[in-house]
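J.: Provided below: upload-v1.txt, containing compact mmCIF, C-alpha atoms.
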```txt
# COMPACT_ATOMS: atom_id res chain seq x y z
CA MET H 23 115.27 160.26 154.01
CA THR H 24 118.10 159.11 156.31
CA VAL H 25 116.88 156.76 159.00
CA GLU H 26 118.96 156.46 162.16
CA THR H 27 118.23 153.27 164.05
CA MET H 28 118.68 152.70 167.77
CA GLU H 29 120.33 149.57 168.98
CA THR H 30 117.98 147.28 170.86
CA SER H 31 118.85 144.58 173.28
CA GLU H 32 118.42 141.01 172.07
CA CYS H 33 118.49 139.49 175.56
CA SER H 34 115.70 137.26 176.87
CA PRO H 35 112.19 138.73 177.29
CA LYS H 36 111.59 140.85 180.38
CA SER H 37 108.23 141.69 181.92
CA HIS H 38 107.34 145.34 181.51
CA VAL H 39 106.28 147.63 184.32
CA PRO H 40 105.71 151.32 183.55
CA GLY H 41 108.26 153.56 185.27
CA PRO H 42 107.49 156.31 187.79
CA ASN H 43 107.78 158.97 185.06
CA ALA H 44 105.03 157.42 182.94
CA ILE H 45 102.08 159.77 182.38
CA ASP H 46 98.50 158.95 181.47
CA ILE H 47 97.68 160.41 178.02
CA SER H 48 94.41 158.53 177.49
CA PRO H 49 91.40 160.74 176.66
CA LYS H 50 89.37 159.38 179.60
CA LYS H 51 92.34 159.47 182.02
CA ASP H 52 91.75 155.79 182.74
CA ASN H 53 95.44 154.78 182.52
CA GLY H 54 94.60 153.24 179.15
CA ILE H 55 97.69 154.78 177.49
CA LEU H 56 100.76 155.41 179.63
CA LYS H 57 103.65 157.27 178.02
CA GLU H 58 107.24 157.27 179.25
CA ILE H 59 109.82 159.37 177.39
CA ILE H 60 113.13 157.53 176.92
CA LYS H 61 114.82 160.15 174.76
CA GLU H 62 113.70 163.77 174.37
CA GLY H 63 112.93 165.05 170.88
CA THR H 64 113.96 168.34 169.31
CA GLY H 65 111.98 171.55 168.89
CA SER H 66 108.43 172.08 170.09
CA GLU H 67 106.38 170.91 167.09
CA THR H 68 104.43 167.66 167.09
CA PRO H 69 102.77 166.01 164.05
CA ALA H 70 99.30 167.28 163.19
CA PRO H 71 96.34 165.05 162.26
CA GLY H 72 96.63 163.95 158.64
CA SER H 73 100.44 164.08 158.66
CA LYS H 74 102.39 161.19 157.17
CA VAL H 75 104.57 160.06 160.08
CA PHE H 76 107.72 157.91 159.82
CA VAL H 77 108.58 155.83 162.89
CA HIS H 78 110.59 152.89 164.13
CA TYR H 79 108.94 150.67 166.73
CA VAL H 80 109.28 147.48 168.73
CA GLY H 81 106.05 145.88 170.00
CA THR H 82 105.99 143.46 172.95
CA LEU H 83 103.52 141.87 175.28
CA THR H 84 103.76 142.73 179.00
CA ASP H 85 105.77 139.55 179.58
CA GLY H 86 108.41 140.85 177.19
CA THR H 87 107.49 138.65 174.21
CA LYS H 88 108.20 140.57 171.00
CA PHE H 89 105.46 140.29 168.38
CA ASP H 90 106.56 142.92 165.82
CA SER H 91 109.47 145.24 165.04
CA SER H 92 110.24 147.65 162.22
CA ARG H 93 113.87 147.60 163.34
CA ASP H 94 114.10 143.90 162.61
CA ARG H 95 112.87 144.62 159.07
CA GLY H 96 115.37 147.46 158.73
CA GLU H 97 112.75 149.79 157.33
CA ALA H 98 110.85 152.66 158.93
CA PHE H 99 107.07 152.34 159.15
CA ASP H 100 104.86 155.20 157.93
CA PHE H 101 101.16 155.93 158.46
CA GLN H 102 98.69 158.82 158.28
CA LEU H 103 98.13 160.18 161.75
CA GLY H 104 94.62 160.47 163.16
CA LYS H 105 92.90 158.61 160.34
CA GLY H 106 92.33 155.28 162.11
CA THR H 107 94.88 153.34 160.05
CA VAL H 108 96.69 152.21 163.24
CA ILE H 109 95.48 151.34 166.74
CA GLN H 110 93.94 154.20 168.72
CA ALA H 111 96.84 154.30 171.18
CA TRP H 112 99.22 155.12 168.34
CA ASP H 113 97.02 157.91 166.94
CA ILE H 114 96.86 159.45 170.40
CA GLY H 115 100.44 158.77 171.54
CA VAL H 116 102.40 159.67 168.40
CA ALA H 117 100.50 162.98 168.18
CA THR H 118 102.24 164.00 171.45
CA MET H 119 105.78 163.21 170.23
CA LYS H 120 108.46 165.51 168.83
CA LYS H 121 110.93 164.76 166.08
CA GLY H 122 113.64 162.38 167.31
CA GLU H 123 111.71 161.50 170.48
CA VAL H 124 111.73 157.92 171.74
CA ALA H 125 108.91 156.89 174.07
CA VAL H 126 107.36 153.74 175.49
CA LEU H 127 103.57 153.49 175.23
CA THR H 128 101.81 150.97 177.48
CA CYS H 129 98.42 150.44 175.83
CA LYS H 130 95.45 148.66 177.40
CA SER H 131 93.44 146.44 175.08
CA GLU H 132 90.59 148.94 174.61
CA TYR H 133 93.11 151.28 172.94
CA ALA H 134 94.76 148.43 171.03
CA TYR H 135 93.16 145.24 169.63
CA GLY H 136 90.36 144.87 172.18
CA LYS H 137 88.66 141.67 173.28
CA SER H 138 89.41 139.81 170.04
CA GLY H 139 93.16 140.53 169.98
CA SER H 140 95.05 139.87 166.74
CA PRO H 141 95.76 136.13 166.52
CA PRO H 142 98.09 134.37 166.52
CA LYS H 143 100.60 136.81 168.05
CA ILE H 144 98.35 139.07 170.15
CA PRO H 145 95.93 137.33 172.54
CA PRO H 146 92.48 138.69 173.52
CA ASP H 147 92.37 141.59 176.00
CA ALA H 148 96.14 142.04 175.69
CA THR H 149 97.96 145.09 177.07
CA LEU H 150 100.68 146.02 174.57
CA VAL H 151 103.99 147.82 174.99
CA PHE H 152 105.49 149.83 172.13
CA GLU H 153 108.86 151.53 172.03
CA ILE H 154 108.39 154.18 169.32
CA GLU H 155 110.89 156.57 167.76
CA VAL H 156 109.50 159.42 165.66
CA ILE H 157 111.92 159.94 162.78
CA ASP H 158 110.11 162.57 160.74
CA TRP H 159 106.75 163.58 159.30
CA GLN H 160 105.27 165.30 156.29
CA GLY H 161 102.19 167.52 156.19
CA GLU H 162 98.88 166.25 154.80
CA ASP H 163 98.68 166.43 151.01
CA ILE H 164 95.27 167.97 150.26
CA SER H 165 95.94 168.94 146.64
CA PRO H 166 93.27 167.82 144.12
CA LYS H 167 95.70 165.51 142.27
CA LYS H 168 97.68 164.45 145.36
CA ASP H 169 100.86 165.87 143.83
CA GLY H 170 102.05 167.73 146.94
CA SER H 171 101.03 171.14 145.58
CA ILE H 172 98.97 171.99 148.72
CA THR H 173 100.24 170.68 152.06
CA ARG H 174 98.40 171.22 155.33
CA TYR H 175 99.83 171.29 158.86
CA GLN H 176 96.98 171.61 161.37
CA ILE H 177 97.60 173.97 164.29
CA ILE H 178 94.10 173.83 165.80
CA GLN H 179 91.60 171.14 164.83
CA GLY H 180 88.16 172.32 163.77
CA GLU H 181 84.86 171.20 165.22
CA GLY H 182 82.14 168.98 163.80
CA TYR H 183 82.12 167.08 160.53
CA SER H 184 80.91 169.73 158.07
CA SER H 185 83.11 171.65 155.60
CA PRO H 186 82.28 174.60 153.32
CA ASN H 187 80.82 173.70 149.92
CA ASP H 188 81.20 175.58 146.65
CA GLY H 189 79.50 178.96 147.03
CA ALA H 190 79.55 178.86 150.86
CA THR H 191 80.15 182.21 152.57
CA VAL H 192 83.40 181.81 154.52
CA GLU H 193 84.89 184.10 157.15
CA VAL H 194 88.67 183.65 157.43
CA ASN H 195 91.78 185.12 158.97
CA LEU H 196 94.81 185.01 156.67
CA VAL H 197 98.54 185.50 157.20
CA GLY H 198 100.60 185.04 154.02
CA ARG H 199 104.39 184.56 154.04
CA HIS H 200 107.10 184.25 151.43
CA ASN H 201 110.69 183.47 152.44
CA GLY H 202 109.66 184.07 156.06
CA CYS H 203 108.36 187.60 155.40
CA VAL H 204 104.68 188.46 155.90
CA PHE H 205 103.19 189.84 152.67
CA GLU H 206 99.57 190.06 153.83
CA GLU H 207 97.59 189.80 157.04
CA ARG H 208 93.83 190.33 157.02
CA SER H 209 90.34 189.05 157.79
CA VAL H 210 88.03 188.56 154.83
CA THR H 211 84.56 187.17 154.09
CA PHE H 212 83.84 185.85 150.59
CA PRO H 213 81.87 183.20 148.65
CA LEU H 214 83.99 180.08 148.15
CA GLY H 215 84.77 179.65 144.47
CA GLU H 216 84.94 183.39 143.81
CA GLY H 217 88.02 184.10 145.90
CA SER H 218 89.97 185.60 143.01
CA GLU H 219 87.65 188.62 143.27
CA TYR H 220 88.94 189.13 146.82
CA GLY H 221 92.63 188.49 146.15
CA ILE H 222 92.47 184.92 147.49
CA CYS H 223 94.81 182.48 145.75
CA GLU H 224 93.41 179.20 144.41
CA GLY H 225 95.36 177.05 146.90
CA VAL H 226 93.68 178.68 149.89
CA GLU H 227 90.23 178.13 148.32
CA LYS H 228 90.99 174.46 147.58
CA ALA H 229 92.22 173.96 151.14
CA LEU H 230 89.15 175.59 152.71
CA GLU H 231 86.99 172.87 151.15
CA LYS H 232 88.69 170.49 153.65
CA PHE H 233 88.49 172.76 156.72
CA LYS H 234 86.10 172.44 159.66
CA LYS H 235 84.73 175.43 161.58
CA GLY H 236 87.38 176.87 163.92
CA GLU H 237 90.27 175.07 162.22
CA LYS H 238 93.61 176.85 161.99
CA SER H 239 96.24 175.40 159.68
CA ARG H 240 99.52 176.24 158.03
CA LEU H 241 99.48 175.70 154.26
CA ILE H 242 102.48 175.29 151.96
CA ILE H 243 101.29 176.11 148.43
CA LYS H 244 103.26 175.42 145.25
CA PRO H 245 103.18 177.97 142.38
CA LYS H 246 100.46 176.20 140.35
CA TYR H 247 97.93 176.96 143.11
CA ALA H 248 99.61 180.16 144.33
CA PHE H 249 100.51 183.08 142.04
CA LYS H 250 101.79 180.92 139.16
CA LYS H 251 104.52 182.10 136.79
CA GLU H 252 103.27 185.71 136.92
CA GLY H 253 103.86 186.13 140.66
CA LYS H 254 102.30 189.03 142.57
CA PRO H 255 104.44 192.13 141.99
CA ASP H 256 102.30 194.37 144.24
CA LEU H 257 103.11 192.00 147.14
CA ASN H 258 106.78 191.56 146.10
CA ILE H 259 106.26 187.90 145.23
CA PRO H 260 108.24 186.71 142.18
CA GLY H 261 106.95 184.29 139.57
CA ASN H 262 106.91 180.54 140.32
CA ALA H 263 107.19 181.20 144.06
CA GLU H 264 106.17 178.74 146.77
CA ILE H 265 104.20 180.54 149.47
CA GLU H 266 102.93 179.81 152.97
CA TYR H 267 99.59 180.78 154.49
CA GLU H 268 98.29 180.50 158.01
CA VAL H 269 94.52 180.20 157.61
CA GLU H 270 91.83 180.21 160.28
CA LEU H 271 88.24 179.41 159.31
CA LYS H 272 86.31 181.53 161.80
CA ASN H 273 82.87 180.65 160.46
CA PHE H 274 80.98 179.62 157.34
CA GLU H 275 77.47 179.35 155.99
CA LYS H 276 76.91 176.59 153.48
CA ALA H 277 75.49 177.43 150.06
CA LYS H 278 72.09 175.96 149.34
CA GLU H 279 72.18 172.61 147.54
CA ALA H 280 69.80 171.94 144.64
CA TRP H 281 68.21 168.92 146.38
CA SER H 282 67.14 171.06 149.36
CA LEU H 283 65.05 173.51 147.29
CA ASP H 284 61.60 173.37 145.72
CA ALA H 285 61.00 174.28 142.06
CA ASN H 286 60.43 178.01 142.63
CA GLU H 287 63.50 178.31 144.85
CA LYS H 288 65.64 176.56 142.22
CA ILE H 289 64.44 179.01 139.57
CA GLU H 290 65.22 181.99 141.83
CA GLN H 291 68.72 180.64 142.52
CA ALA H 292 69.27 180.06 138.79
CA LYS H 293 68.29 183.68 138.05
CA PHE H 294 70.75 184.84 140.71
CA PHE H 295 73.56 182.77 139.15
CA LYS H 296 72.68 184.02 135.67
CA GLU H 297 72.96 187.65 136.79
CA LYS H 298 76.30 187.03 138.51
CA GLY H 299 77.58 185.11 135.49
CA THR H 300 76.59 187.94 133.14
CA ASN H 301 78.38 190.50 135.31
CA TYR H 302 81.54 188.39 135.31
CA PHE H 303 81.27 187.89 131.53
CA LYS H 304 80.96 191.64 130.93
CA ALA H 305 84.08 192.14 133.05
CA ALA H 306 85.89 189.53 130.88
CA LYS H 307 86.19 187.20 133.90
CA TYR H 308 85.21 184.17 131.86
CA THR H 309 86.37 181.46 134.28
CA LEU H 310 84.19 182.90 137.05
CA ALA H 311 81.31 183.29 134.59
CA VAL H 312 81.64 179.58 133.72
CA LYS H 313 81.28 178.70 137.42
CA MET H 314 78.05 180.68 137.68
CA TYR H 315 76.51 179.33 134.47
CA LYS H 316 77.40 175.76 135.48
CA LYS H 317 75.38 176.28 138.64
CA ILE H 318 72.31 177.15 136.55
CA VAL H 319 72.66 173.79 134.80
CA ASN H 320 73.25 171.98 138.11
CA PHE H 321 70.07 173.42 139.63
CA LEU H 322 67.81 172.94 136.61
CA GLU H 323 69.03 170.00 134.51
CA HIS H 324 66.68 167.48 136.17
CA GLU H 325 62.94 167.82 135.52
CA THR H 326 61.89 166.23 138.82
CA GLY H 327 59.82 168.55 141.02
CA PHE H 328 58.89 171.06 138.31
CA GLU H 329 55.19 171.48 137.62
CA GLU H 330 53.54 172.51 134.36
CA GLU H 331 53.58 176.21 135.27
CA THR H 332 57.31 176.27 136.15
CA GLU H 333 58.56 173.98 133.35
CA PRO H 334 58.74 176.66 130.59
CA GLU H 335 60.83 178.97 132.80
CA ARG H 336 63.09 176.06 133.80
CA LYS H 337 63.75 175.23 130.14
CA SER H 338 64.34 178.87 129.22
CA LEU H 339 66.89 179.39 132.00
CA LEU H 340 68.56 176.03 131.30
CA LEU H 341 68.86 176.95 127.61
CA ALA H 342 70.44 180.27 128.59
CA GLY H 343 72.86 178.43 130.88
CA HIS H 344 74.10 176.15 128.08
CA LEU H 345 74.29 178.97 125.51
CA ASN H 346 76.16 181.26 127.89
CA LEU H 347 78.58 178.47 128.80
CA ALA H 348 79.24 177.97 125.09
CA MET H 349 79.93 181.70 124.73
CA CYS H 350 82.40 181.64 127.65
CA TYR H 351 84.19 178.56 126.31
CA LEU H 352 84.57 180.24 122.92
CA LYS H 353 86.19 183.22 124.66
CA LEU H 354 88.50 180.80 126.49
CA GLU H 355 89.21 179.02 123.18
CA GLU H 356 87.95 175.74 124.62
CA HIS H 357 86.15 174.72 121.44
CA PHE H 358 85.26 171.13 122.32
CA GLU H 359 83.50 172.25 125.50
CA ALA H 360 81.73 175.01 123.55
CA ARG H 361 80.44 172.47 121.03
CA GLU H 362 79.15 170.19 123.81
CA GLN H 363 77.21 173.04 125.42
CA CYS H 364 75.71 173.97 122.05
CA ASN H 365 74.65 170.36 121.50
CA LYS H 366 72.84 170.40 124.85
CA ALA H 367 71.18 173.71 124.01
CA LEU H 368 70.02 172.33 120.63
CA GLU H 369 68.55 169.27 122.35
CA LEU H 370 66.33 171.70 124.28
CA ARG H 371 65.57 173.88 121.24
CA PRO H 372 66.69 172.52 117.83
CA SER H 373 65.90 175.85 116.15
CA SER H 374 68.08 177.93 118.46
CA GLU H 375 69.95 180.40 116.24
CA LYS H 376 72.49 181.14 118.97
CA GLY H 377 73.06 177.42 119.50
CA LEU H 378 73.68 176.81 115.79
CA PHE H 379 75.81 179.94 115.36
CA ARG H 380 78.03 179.23 118.39
CA ARG H 381 78.42 175.59 117.41
CA GLY H 382 79.53 176.81 113.98
CA GLN H 383 82.14 178.99 115.69
CA ALA H 384 83.24 176.01 117.79
CA TYR H 385 83.60 173.84 114.68
CA LEU H 386 85.71 176.55 113.04
CA GLY H 387 87.94 176.59 116.10
CA MET H 388 88.23 172.80 115.90
CA GLY H 389 89.30 172.96 112.24
CA GLU H 390 86.01 171.56 110.88
CA PRO H 391 84.91 174.21 108.33
CA GLU H 392 82.43 171.95 106.50
CA LEU H 393 80.51 171.20 109.71
CA ALA H 394 80.72 174.88 110.64
CA LYS H 395 79.33 175.90 107.24
CA ALA H 396 76.32 173.59 107.68
CA ASP H 397 75.50 175.30 111.00
CA PHE H 398 75.85 178.81 109.58
CA GLU H 399 73.64 177.86 106.63
CA ALA H 400 71.03 176.56 109.10
CA VAL H 401 71.15 179.95 110.84
CA LEU H 402 70.50 181.72 107.53
CA LYS H 403 67.46 179.52 106.88
CA LEU H 404 66.03 180.66 110.21
CA GLU H 405 67.16 184.29 109.83
CA PRO H 406 68.05 185.21 106.21
CA GLU H 407 69.28 188.69 107.22
CA ASN H 408 71.92 187.38 109.65
CA LYS H 409 75.09 189.05 108.28
CA ALA H 410 77.41 187.41 110.82
CA ALA H 411 76.34 183.95 109.64
CA ALA H 412 76.78 184.97 105.97
CA ASN H 413 80.27 186.34 106.67
CA ASN H 414 81.22 183.14 108.46
CA ILE H 415 80.08 181.07 105.47
CA VAL H 416 82.57 183.04 103.34
CA ILE H 417 85.29 182.23 105.90
CA CYS H 418 84.27 178.57 105.84
CA ASN H 419 84.48 178.44 102.03
CA VAL H 420 88.00 179.90 102.12
CA LYS H 421 89.09 177.37 104.77
CA ILE H 422 87.46 174.47 102.90
CA LYS H 423 89.32 175.52 99.74
CA GLU H 424 92.62 175.78 101.65
CA GLN H 425 91.99 172.40 103.26
CA ARG H 426 91.29 170.73 99.89
CA SER H 427 94.37 172.36 98.37
CA ARG H 428 96.53 170.98 101.18
CA GLU H 429 94.97 167.55 100.79
CA LYS H 430 95.59 167.66 97.04
CA LYS H 431 99.27 168.45 97.60
CA ILE H 432 99.59 165.67 100.18
CA TYR H 433 98.03 163.13 97.80
CA ALA H 434 100.12 164.38 94.87
CA ASN H 435 103.31 163.95 96.89
CA MET H 436 102.16 160.52 98.01
CA PHE H 437 101.47 159.35 94.44
CA GLU H 438 104.79 160.80 93.31
CA LYS H 439 106.63 158.80 95.98
CA PHE H 440 104.74 155.63 95.06
CA ALA H 441 105.58 156.18 91.36
CA GLN H 442 109.25 156.79 92.18
CA ARG H 443 109.33 153.63 94.31
CA ASP H 444 107.76 151.58 91.47
CA LYS H 445 110.30 153.02 89.03
CA GLU H 446 113.17 152.04 91.31
```
Represent the structure of the file as structure tokens.

T.:
Amino acid sequence: MTVETMETSECSPKSHVPGPNAIDISPKKDNGILKEIIKEGTGSETPAPGSKVFVHYVGTLTDGTKFDSSRDRGEAFDFQLGKGTVIQAWDIGVATMKKGEVAVLTCKSEYAYGKSGSPPKIPPDATLVFEIEVIDWQGEDISPKKDGSITRYQIIQGEGYSSPNDGATVEVNLVGRHNGCVFEERSVTFPLGEGSEYGICEGVEKALEKFKKGEKSRLIIKPKYAFKKEGKPDLNIPGNAEIEYEVELKNFEKAKEAWSLDANEKIEQAKFFKEKGTNYFKAAKYTLAVKMYKKIVNFLEHETGFEEETEPERKSLLLAGHLNLAMCYLKLEEHFEAREQCNKALELRPSSEKGLFRRGQAYLGMGEPELAKADFEAVLKLEPENKAAANNIVICNVKIKEQRSREKKIYANMFEKFAQRDKE
């Protein structure tokens, strides 16, 4: 980033009196923050809350004594706007400034360092004067790994402190753009976490987890959270395209959390998730099925609150959750995760044929045919007529033989090299 600095006068300190063009921008209109524009900025946009703002500043007391200056350090100062990382006067004042604008903020102590001041340079109850130049800003990075893949520019701040949780029913207005052209504009209501069923890209779903009711924001979404390398041909969006969405969260209803429900309600919710998961599995939507089955586990994994009459049903549904997760992970070829789910299922019921069989499949996928064979043999002990287990034992024997043959060749080559080295 190129930083253009303004020359500042190094003459003796001068007392500061706000000019006639100074306006009161304090929330209470108590003259707590007076702003006077020295140089107009460009455009009409101002930084949104959460933006990373780059500024130059010179801070003085009202008698003209300078106590801090980024210009003297020769390096722009950056901070996240509206997050309380700077004095309140800055969060309020800089939010009103355009790119390139230079303004003087006269800040009473209640919007600065208050009664205690900031010794030794800023005395108690001090009114401070800041000359601030806004150089540039970047949107708020709200991507899960903070890698800039989802950037938010707030247009309208939302209300309250609550955001949608996973499974919440959200009502949104969407305007999608690529290269400045609108490719979709619609209103849609859907359960958060299942947006792919409604044509919602992952980046919009991830962003909505940070929204408040009534918020309207512009999102810049990189390909990994947009339409990936495949693109969206029906919307004329090529592969690996960066897209932009304007999203307004009109309303939402939070999904019920496990802690807020009694035992019977948890069981009913688990049944609901199981049905949804099964429907997604039948439609080969394994990632969505995983989300549903994980919710069964989340609602039922802790025994607290379940009485004697509800405990058997809890265990039965929890077992189904783990076994179905294992089945989904096998379809997704995520064999380690499949094995872990089988282990949890077998903790609940050591004689579970499905648990043993699916763990055997997971071990085969992990290249562990001997462990797989042991599981398939255990299935046959429980159910001697199980042809699938018998067939898999044959496969295991072939793989074990191949594995031993490879090992034999490796050792033979090793011994041959050692013998050759000894000869030399």

J.: With all atoms listed in the file as the basis for distance, which of H:Gly215, H:Pro71, H:Gly327, H:Pro42 is at the shortest distance from Val312 (chain H)?

T.: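 That would be H:Gly215, the residue with the smallest distance to Val312 (chain H).
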
J.: Within 10 Å of (80.9, 183.4, 108.9), all atoms listed in the file: residues as a list in words?

T.: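 Checking each residue against the 10 Å limit leaves Phe379, Gly382, Gln383, Leu386, Ala394, Lys395, Asp397, Phe398, Glu399, Asn408, Lys409, Ala410, Ala411, Ala412, Asn413, Asn414, Ile415, Val416, Ile417, Cys418 and Asn419 of chain H.
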
J.: Which residue, H:Lys313, H:Lys421, H:His200, H:Arg336, has the smallest gap to Gly261 (chain H) when you use all atoms listed in the file?

T.: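 For Gly261 (chain H), the nearest of the candidates is H:His200.
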
J.: Considering all atoms listed in the file, return as a ChimeraX atom specification whatever protein or nucleic-acid residues lie within 8 Å of Ala98 (chain H), sequence-local ones (same chain, fewer than 5 positions apart) excluded.

T.: /H:25,76-78,92-93

J.: Which is closest to Asp256 (chain H) among H:Phe205, H:Lys168, H:Lys288, H:Ala384, if we use all atoms listed in the file?

T.: H:Phe205
